[in-house]
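Contents: one structure, followed by commentary.
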Amino acid sequence: MRYLTAGDSHGKALVAILEGCPSGISIDTGFINAELKRRQSGFGRGNRMRIESDKVQLLSGIRKGKTTGSPITFMVENKDWINWKDKTDIEEDILNPRPGHADLCGYMKYRLQSIRDVIERSSARETAMRVCVGALSKIALKQFGVEVFSFVSSIGKSGMVLDKNILIDGNKPDGIESSPVRCPDKNASEKMVEEVEKCIKKDDSIGGSFYVISSGMIPGLGSYSDPSKRIDAIIAKAIISIPAIKAFEIGDGIKSAERYGTDLHDEIFYSEDKNFYRKTNRAGGIEGGVTNGMPIVIKAHMKPIPTTIKGLNTVDINTKKQTLSLKERSDYCAVPSAAVVGESMLAVTLLDAIQDKFGKDSLEEMLDNYRNYRDYLKRL
């Protein structure tokens, strides 16, 4: 399963084409639009979110409310386009690149005249289309008992104490969606909001970290024999591709390097009702590049957004004189939004892995093969 996104931040519309999606998936545009709204939420978002109210249009690959197996085309119109449709063509070249952004690198790579040509495509606005593709993937995953959710674990220096039971049972904690920063810990959520408020007063930006977890996973997705099909490597690539994500962990992640093997690895047990099972999930549901049946647990770390009202020291590309970086409307904090995008990237990856094992053409065929595999596991 492959997808391609197109469109500019201030262009007429954003588009995604999804190829290789199985037939027979019932489409719920209301759910897709709700996912798009979640991406736009979170304390610290900029004024752009007051303009846009993303709604998906499905242009192909759907008949009578179900996928046909043909490429699916998603489109989301940019309401702000009307305010920009003439501006980008008449504005003077922008030549003060932002540190931490793709501005200067992209300008040099494509031999451009203005960093505007980089800004329009490198913007995280593109992730709206990933959420569309991810929402469809979530709909399909539910047929296999797989749920995907996320929550923010830190913003700046304020973070929550993680309940380890979440990592073992994979149950979504209460209070995530009602928190302004999508954190289930009320006290931690309030402190994170304070961090963002301080950032806003300073005309700055701030980053943080978030978890993405999938429950209901079946063992056997991925591969230990083919490096390109290791499920952890594929997930890592998908998450790191989200703008501003600078680090990625699975399970205990970095802390794994500080422990002895006998204290780290998840011991294996067996009972007739549970079959093979583990009491801990420090591996994050993946061993040897293959899912082991425990919830998949990943953590991502997001840097502060490079666009700030203050600006940073940079150099004018033409004059080579010191100046301040571009100041353009942006978010103060987008960690809650990035977590939603993280859900979509994990969902797309998992659906692709399920197709790799159980078939690619139709949902009905995939479910038949999935049930046979579940029966085999019960007989072990």
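Every chain in the structure tokens takes a letter, A first, then B, and so on in the order presented; its residues are numbered from 1, and the ligands are numbered from 1 following the presented order.
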Task: DSSP alpha helix (DSSP H) residues within segment 129-303 of chain A, as a ChimeraX atom specification - done: /A:129-142,164-169,186-201,231-240,261-264
Open item on the list: Which residues are close to Ala16 of chain A, i.e. within 9 Å by only C-alpha atoms, leaving aside same-chain residues fewer than 6 positions away? Reply as a PyMOL selection string.
Closed with: chain A and resi 3-7+72-76+129-130+132-133
- [ ] Please provide as a list in words all residues within 12 Å of Asp368 of chain A, with the sequence filter that same-chain residues fewer than 6 positions apart are discarded (counting only C-alpha atoms).
- [x]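 What passes the distance filter is Gln143, Phe144, Lys357, Phe358, Gly359, Ser362, Arg374 and Asp375 of chain A.
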Considering only C-alpha atoms, return as a short mmCIF file (atom, residue, chain, number, x, y, z; two decimals) with C-alpha atoms, in the first residue's frame whatever protein or nucleic-acid residues lie within 8 Å of segment 199-213 of chain A, sequence-local ones (same chain, fewer than 4 positions apart) excluded.
data_model
loop_
_atom_site.label_atom_id
_atom_site.label_comp_id
_atom_site.auth_asym_id
_atom_site.auth_seq_id
_atom_site.Cartn_x
_atom_site.Cartn_y
_atom_site.Cartn_z
CA GLY A 44 -0.75 26.50 21.22
CA VAL A 148 -4.54 3.13 17.70
CA PHE A 149 -4.40 6.09 20.07
CA SER A 150 -1.92 8.71 21.27
CA PHE A 151 -1.32 11.12 24.13
CA VAL A 152 1.15 13.87 24.92
CA SER A 153 3.63 12.93 27.66
CA SER A 154 5.59 16.18 27.89
CA ILE A 155 5.78 19.76 26.68
CA GLY A 156 9.00 21.58 27.39
CA LEU A 167 1.86 -0.26 28.01
CA GLY A 170 -3.05 -1.12 25.67
CA GLU A 195 4.65 25.96 29.60
CA PRO A 295 0.59 -3.58 22.38
CA ILE A 296 2.97 -1.65 20.14
CA VAL A 297 4.34 1.26 22.13
CA ILE A 298 6.30 4.06 20.48
CA LYS A 299 7.43 7.44 21.73
CA ALA A 300 8.40 10.41 19.58
CA HIS A 301 10.17 13.64 20.49
CA MET A 302 9.33 16.87 18.68
CA LYS A 303 11.57 19.93 18.50
CA PRO A 304 10.20 23.49 18.77
CA ILE A 305 8.78 24.80 15.50
CA PRO A 306 11.44 26.83 13.61
CA THR A 307 9.12 29.77 12.85
CA THR A 308 9.08 32.27 15.73
CA ILE A 309 7.79 35.82 16.05
CA LYS A 310 11.14 36.83 17.55
CA ASP A 331 2.01 27.67 15.85
CA TYR A 332 3.59 28.12 19.25
CA CYS A 333 3.24 24.42 20.04
CA ALA A 334 2.06 21.60 17.76
CA VAL A 335 2.88 18.56 19.89
CA PRO A 336 -0.80 17.55 20.40
CA ALA A 339 0.58 13.02 18.12
CA GLY A 342 1.65 9.88 14.63
CA GLU A 343 -1.49 7.77 15.05
CA LEU A 346 1.33 3.98 12.71
#
Sorted by chain and rising residue number, which residues of segment 271-361 of chain A lie within 10 Å of segment 96-109 of chain A, and what are their closest atom pairs and distances in Å to one decimal, counting only C-alpha atoms, as CSV?
residue,atom,partner,partner_atom,distance
A:Lys303,CA,A:Gly100,CA,9.2
A:Pro304,CA,A:Gly100,CA,9.1
A:Ile305,CA,A:Gly100,CA,8.1
A:Pro306,CA,A:Gly100,CA,5.4
A:Thr307,CA,A:Arg98,CA,6.8
A:Thr308,CA,A:Arg98,CA,9.0
A:Gly311,CA,A:Arg98,CA,7.9
A:Leu312,CA,A:Pro99,CA,7.0
A:Asn313,CA,A:Pro99,CA,7.9
A:Thr314,CA,A:Asn96,CA,6.5
A:Val315,CA,A:Asn96,CA,6.1
A:Asp316,CA,A:Asn96,CA,4.9
A:Ile317,CA,A:Asn96,CA,6.6
A:Asn318,CA,A:Asn96,CA,9.2
A:Lys320,CA,A:Asn96,CA,9.8
A:Lys321,CA,A:Asn96,CA,9.8
A:Gln322,CA,A:Asn96,CA,9.2
A:Thr323,CA,A:Asn96,CA,7.1
A:Leu324,CA,A:Asn96,CA,6.8
A:Ser325,CA,A:Arg98,CA,4.9
A:Leu326,CA,A:Asn96,CA,5.7
A:Lys327,CA,A:Arg98,CA,8.6
For the residues in that selection, give me N, CA and C atoms as a PDB file, in the first residue's frame.
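Contents of again.pdb, as written:
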ATOM      1  N   LYS A 303      10.840  18.692  18.195  1.00  0.00           N
ATOM      2  CA  LYS A 303      11.565  19.926  18.504  1.00  0.00           C
ATOM      3  C   LYS A 303      10.619  21.124  18.419  1.00  0.00           C
ATOM      4  N   PRO A 304      11.006  22.283  18.950  1.00  0.00           N
ATOM      5  CA  PRO A 304      10.203  23.493  18.765  1.00  0.00           C
ATOM      6  C   PRO A 304      10.108  23.853  17.286  1.00  0.00           C
ATOM      7  N   ILE A 305       8.972  24.395  16.886  1.00  0.00           N
ATOM      8  CA  ILE A 305       8.776  24.803  15.498  1.00  0.00           C
ATOM      9  C   ILE A 305       9.768  25.914  15.139  1.00  0.00           C
ATOM     10  N   PRO A 306      10.403  25.844  13.966  1.00  0.00           N
ATOM     11  CA  PRO A 306      11.440  26.829  13.605  1.00  0.00           C
ATOM     12  C   PRO A 306      10.933  28.257  13.403  1.00  0.00           C
ATOM     13  N   THR A 307       9.647  28.427  13.067  1.00  0.00           N
ATOM     14  CA  THR A 307       9.116  29.768  12.851  1.00  0.00           C
ATOM     15  C   THR A 307       8.764  30.409  14.187  1.00  0.00           C
ATOM     16  N   THR A 308       9.384  31.546  14.492  1.00  0.00           N
ATOM     17  CA  THR A 308       9.083  32.267  15.726  1.00  0.00           C
ATOM     18  C   THR A 308       8.846  33.737  15.408  1.00  0.00           C
ATOM     19  N   GLY A 311      12.173  35.627  15.746  1.00  0.00           N
ATOM     20  CA  GLY A 311      13.181  35.430  14.713  1.00  0.00           C
ATOM     21  C   GLY A 311      14.509  35.005  15.306  1.00  0.00           C
ATOM     22  N   LEU A 312      15.361  34.444  14.467  1.00  0.00           N
ATOM     23  CA  LEU A 312      16.704  34.015  14.872  1.00  0.00           C
ATOM     24  C   LEU A 312      17.725  34.602  13.907  1.00  0.00           C
ATOM     25  N   ASN A 313      18.966  34.645  14.339  1.00  0.00           N
ATOM     26  CA  ASN A 313      20.020  35.139  13.458  1.00  0.00           C
ATOM     27  C   ASN A 313      20.160  34.245  12.235  1.00  0.00           C
ATOM     28  N   THR A 314      20.199  34.874  11.083  1.00  0.00           N
ATOM     29  CA  THR A 314      20.408  34.153   9.837  1.00  0.00           C
ATOM     30  C   THR A 314      21.158  35.071   8.879  1.00  0.00           C
ATOM     31  N   VAL A 315      21.308  34.627   7.629  1.00  0.00           N
ATOM     32  CA  VAL A 315      22.053  35.401   6.628  1.00  0.00           C
ATOM     33  C   VAL A 315      21.202  35.574   5.381  1.00  0.00           C
ATOM     34  N   ASP A 316      21.135  36.784   4.849  1.00  0.00           N
ATOM     35  CA  ASP A 316      20.449  37.023   3.583  1.00  0.00           C
ATOM     36  C   ASP A 316      21.194  36.277   2.484  1.00  0.00           C
ATOM     37  N   ILE A 317      20.481  35.447   1.738  1.00  0.00           N
ATOM     38  CA  ILE A 317      21.140  34.589   0.751  1.00  0.00           C
ATOM     39  C   ILE A 317      21.870  35.396  -0.318  1.00  0.00           C
ATOM     40  N   ASN A 318      21.309  36.532  -0.733  1.00  0.00           N
ATOM     41  CA  ASN A 318      21.936  37.340  -1.783  1.00  0.00           C
ATOM     42  C   ASN A 318      23.037  38.250  -1.259  1.00  0.00           C
ATOM     43  N   LYS A 320      24.429  38.287   1.773  1.00  0.00           N
ATOM     44  CA  LYS A 320      25.307  37.610   2.756  1.00  0.00           C
ATOM     45  C   LYS A 320      25.426  38.413   4.054  1.00  0.00           C
ATOM     46  N   LYS A 321      24.533  39.355   4.248  1.00  0.00           N
ATOM     47  CA  LYS A 321      24.555  40.155   5.474  1.00  0.00           C
ATOM     48  C   LYS A 321      23.701  39.490   6.559  1.00  0.00           C
ATOM     49  N   GLN A 322      24.120  39.701   7.810  1.00  0.00           N
ATOM     50  CA  GLN A 322      23.370  39.164   8.945  1.00  0.00           C
ATOM     51  C   GLN A 322      21.991  39.825   9.011  1.00  0.00           C
ATOM     52  N   THR A 323      20.965  39.009   9.283  1.00  0.00           N
ATOM     53  CA  THR A 323      19.600  39.509   9.405  1.00  0.00           C
ATOM     54  C   THR A 323      18.811  38.573  10.306  1.00  0.00           C
ATOM     55  N   LEU A 324      17.524  38.838  10.462  1.00  0.00           N
ATOM     56  CA  LEU A 324      16.661  37.957  11.248  1.00  0.00           C
ATOM     57  C   LEU A 324      15.871  37.035  10.315  1.00  0.00           C
ATOM     58  N   SER A 325      15.598  35.851  10.799  1.00  0.00           N
ATOM     59  CA  SER A 325      14.889  34.865   9.993  1.00  0.00           C
ATOM     60  C   SER A 325      13.447  35.270   9.751  1.00  0.00           C
ATOM     61  N   LEU A 326      12.849  34.625   8.772  1.00  0.00           N
ATOM     62  CA  LEU A 326      11.471  34.901   8.368  1.00  0.00           C
ATOM     63  C   LEU A 326      10.513  34.798   9.544  1.00  0.00           C
ATOM     64  N   LYS A 327       9.640  35.780   9.649  1.00  0.00           N
ATOM     65  CA  LYS A 327       8.581  35.752  10.655  1.00  0.00           C
ATOM     66  C   LYS A 327       7.259  35.591   9.919  1.00  0.00           C
TER      67      LYS A 327
END
Open item on the list: My list of candidates is A:Lys37, A:Lys142, A:Lys378, A:Arg182. Which is closest to Ser214 of chain A when distances are computed with only C-alpha atoms?
Closed with: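 Comparing A:Lys37, A:Lys142, A:Lys378, A:Arg182 against Ser214 of chain A, the winner is A:Lys142.
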TODO: Select, from A:Lys66, A:Trp84, A:Ile250, A:Gly289, the residue with the minimum atom-to-atom distance to Ser225 of chain A, counting only C-alpha atoms.
DONE: A:Gly289
Task: Close residues, Ile235 of chain A itself excluded, 7 Å, only C-alpha atoms, min 4 positions apart in chain, as a count of residues only - done: 4
- [ ] Go ahead and compute the interatomic distance for atom CA of Glu35 of chain A and atom CA of Met345 of chain A, in Å to one decimal.
- [x]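 Separation between atom CA of Glu35 of chain A and atom CA of Met345 of chain A: 12.9 Å.
Between atom CA of Pro227 of chain A and atom CA of Gly145 of chain A the separation is 27.0 Å.
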Apply DSSP to the backbone of this structure and, from segment 85-282 of chain A, keep only the residues in strand (DSSP E or B); write these as a compact mmCIF listing (two decimals) with N, CA and C atoms, in the first residue's frame.
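Here's the written file out.txt:
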# COMPACT_ATOMS: atom_id res chain seq x y z
N GLU A 147 -6.76 -1.13 17.59
CA GLU A 147 -7.06 0.27 17.87
C GLU A 147 -5.74 1.04 18.00
N VAL A 148 -5.74 2.28 17.60
CA VAL A 148 -4.54 3.13 17.70
C VAL A 148 -4.93 4.43 18.39
N PHE A 149 -4.15 4.82 19.39
CA PHE A 149 -4.40 6.09 20.07
C PHE A 149 -3.08 6.73 20.46
N SER A 150 -3.13 7.99 20.88
CA SER A 150 -1.92 8.71 21.27
C SER A 150 -2.22 9.62 22.45
N PHE A 151 -1.18 10.07 23.11
CA PHE A 151 -1.32 11.12 24.13
C PHE A 151 0.02 11.82 24.30
N VAL A 152 -0.05 13.07 24.70
CA VAL A 152 1.15 13.87 24.92
C VAL A 152 1.70 13.55 26.30
N SER A 153 3.00 13.28 26.38
CA SER A 153 3.63 12.93 27.66
C SER A 153 4.46 14.07 28.23
N SER A 154 4.85 15.03 27.38
CA SER A 154 5.59 16.18 27.89
C SER A 154 5.50 17.34 26.92
N ILE A 155 5.58 18.54 27.46
CA ILE A 155 5.78 19.76 26.68
C ILE A 155 6.83 20.57 27.41
N SER A 158 7.87 20.10 31.34
CA SER A 158 6.76 19.54 32.12
C SER A 158 6.28 18.25 31.48
N GLY A 159 6.21 17.19 32.31
CA GLY A 159 5.79 15.89 31.79
C GLY A 159 4.96 15.13 32.79
N GLY A 208 8.04 18.93 22.57
CA GLY A 208 7.65 17.98 23.60
C GLY A 208 7.69 16.56 23.07
N SER A 209 7.03 15.66 23.76
CA SER A 209 7.03 14.25 23.37
C SER A 209 5.64 13.67 23.47
N PHE A 210 5.42 12.57 22.75
CA PHE A 210 4.11 11.91 22.78
C PHE A 210 4.27 10.41 22.55
N TYR A 211 3.29 9.67 23.04
CA TYR A 211 3.22 8.23 22.82
C TYR A 211 2.16 7.92 21.78
N VAL A 212 2.41 6.89 20.99
CA VAL A 212 1.40 6.31 20.12
C VAL A 212 1.37 4.81 20.43
N ILE A 213 0.17 4.29 20.69
CA ILE A 213 0.03 2.91 21.13
C ILE A 213 -1.05 2.22 20.29
N SER A 214 -0.79 0.97 19.91
CA SER A 214 -1.81 0.17 19.24
C SER A 214 -2.09 -1.06 20.07
N SER A 215 -3.37 -1.34 20.30
CA SER A 215 -3.77 -2.52 21.05
C SER A 215 -4.43 -3.52 20.11
N GLY A 222 5.60 -8.32 10.22
CA GLY A 222 6.98 -7.91 10.03
C GLY A 222 7.85 -9.09 9.65
N ILE A 245 9.95 15.98 14.04
CA ILE A 245 10.26 14.85 14.92
C ILE A 245 11.75 14.55 14.83
N LYS A 246 12.43 14.57 15.98
CA LYS A 246 13.88 14.43 16.00
C LYS A 246 14.37 13.15 16.68
N ALA A 247 13.51 12.44 17.38
CA ALA A 247 13.93 11.22 18.05
C ALA A 247 12.74 10.27 18.19
N PHE A 248 13.04 8.98 18.29
CA PHE A 248 12.01 7.95 18.25
C PHE A 248 12.43 6.80 19.17
N GLU A 249 11.47 6.25 19.91
CA GLU A 249 11.76 5.12 20.80
C GLU A 249 10.67 4.06 20.66
N ILE A 250 11.05 2.82 20.90
CA ILE A 250 10.10 1.71 20.97
C ILE A 250 10.22 1.10 22.36
N ILE A 268 8.55 -14.84 29.15
CA ILE A 268 7.43 -15.49 28.47
C ILE A 268 6.76 -16.50 29.41
N PHE A 269 5.42 -16.45 29.43
CA PHE A 269 4.63 -17.37 30.26
C PHE A 269 3.57 -18.03 29.38
N TYR A 270 2.94 -19.05 29.93
CA TYR A 270 1.90 -19.76 29.17
C TYR A 270 0.77 -20.18 30.10
N SER A 271 -0.46 -20.02 29.61
CA SER A 271 -1.63 -20.57 30.28
C SER A 271 -2.62 -20.97 29.20
N ASN A 275 -2.75 -18.51 26.34
CA ASN A 275 -1.72 -19.00 25.44
C ASN A 275 -0.38 -18.41 25.88
N PHE A 276 0.52 -18.09 24.94
CA PHE A 276 1.79 -17.45 25.31
C PHE A 276 1.54 -15.99 25.66
N TYR A 277 2.12 -15.52 26.76
CA TYR A 277 1.89 -14.12 27.13
C TYR A 277 3.07 -13.59 27.94
N ARG A 278 3.09 -12.27 28.13
CA ARG A 278 4.13 -11.60 28.90
C ARG A 278 3.48 -10.70 29.94
- [ ] Between atom CA of Ser223 of chain A and atom CA of Thr291 of chain A, measure the distance and give it in Å to one decimal.
- [x]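 So the two atoms, atom CA of Ser223 of chain A and atom CA of Thr291 of chain A, lie 8.8 Å apart.
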Per residue of segment 149-254 of chain A within 9 Å of segment 118-126 of chain A, what are the shortest atom pair and its distance in Å to one decimal, counting only C-alpha atoms, with rows by chain and residue number, as CSV?
residue,atom,partner,partner_atom,distance
A:Ile242,CA,A:Ala124,CA,8.0
A:Pro243,CA,A:Ala124,CA,6.1
A:Ala244,CA,A:Ala124,CA,8.8
TODO: Extract, using only C-alpha atoms, all DNA, RNA and protein residues at most 8 Å from Ile218 of chain A, discarding same-chain residues fewer than 4 positions from it, and format them as a PyMOL selection string.
DONE: chain A and resi 291-294
Task: Top pick for closest residue to Pro173 of chain A, considering A:Ile27, A:Leu350, A:Asp185, A:Lys79 and counting only C-alpha atoms - done: A:Asp185
Open item on the list: With only C-alpha atoms as the counted atoms, please give the residues lying no more than 7 Å from Asn33 of chain A, apart from itself and same-chain residues fewer than 2 positions off, as number ranges by chain.
Closed with: A: 29-31, 35-37, 54-56
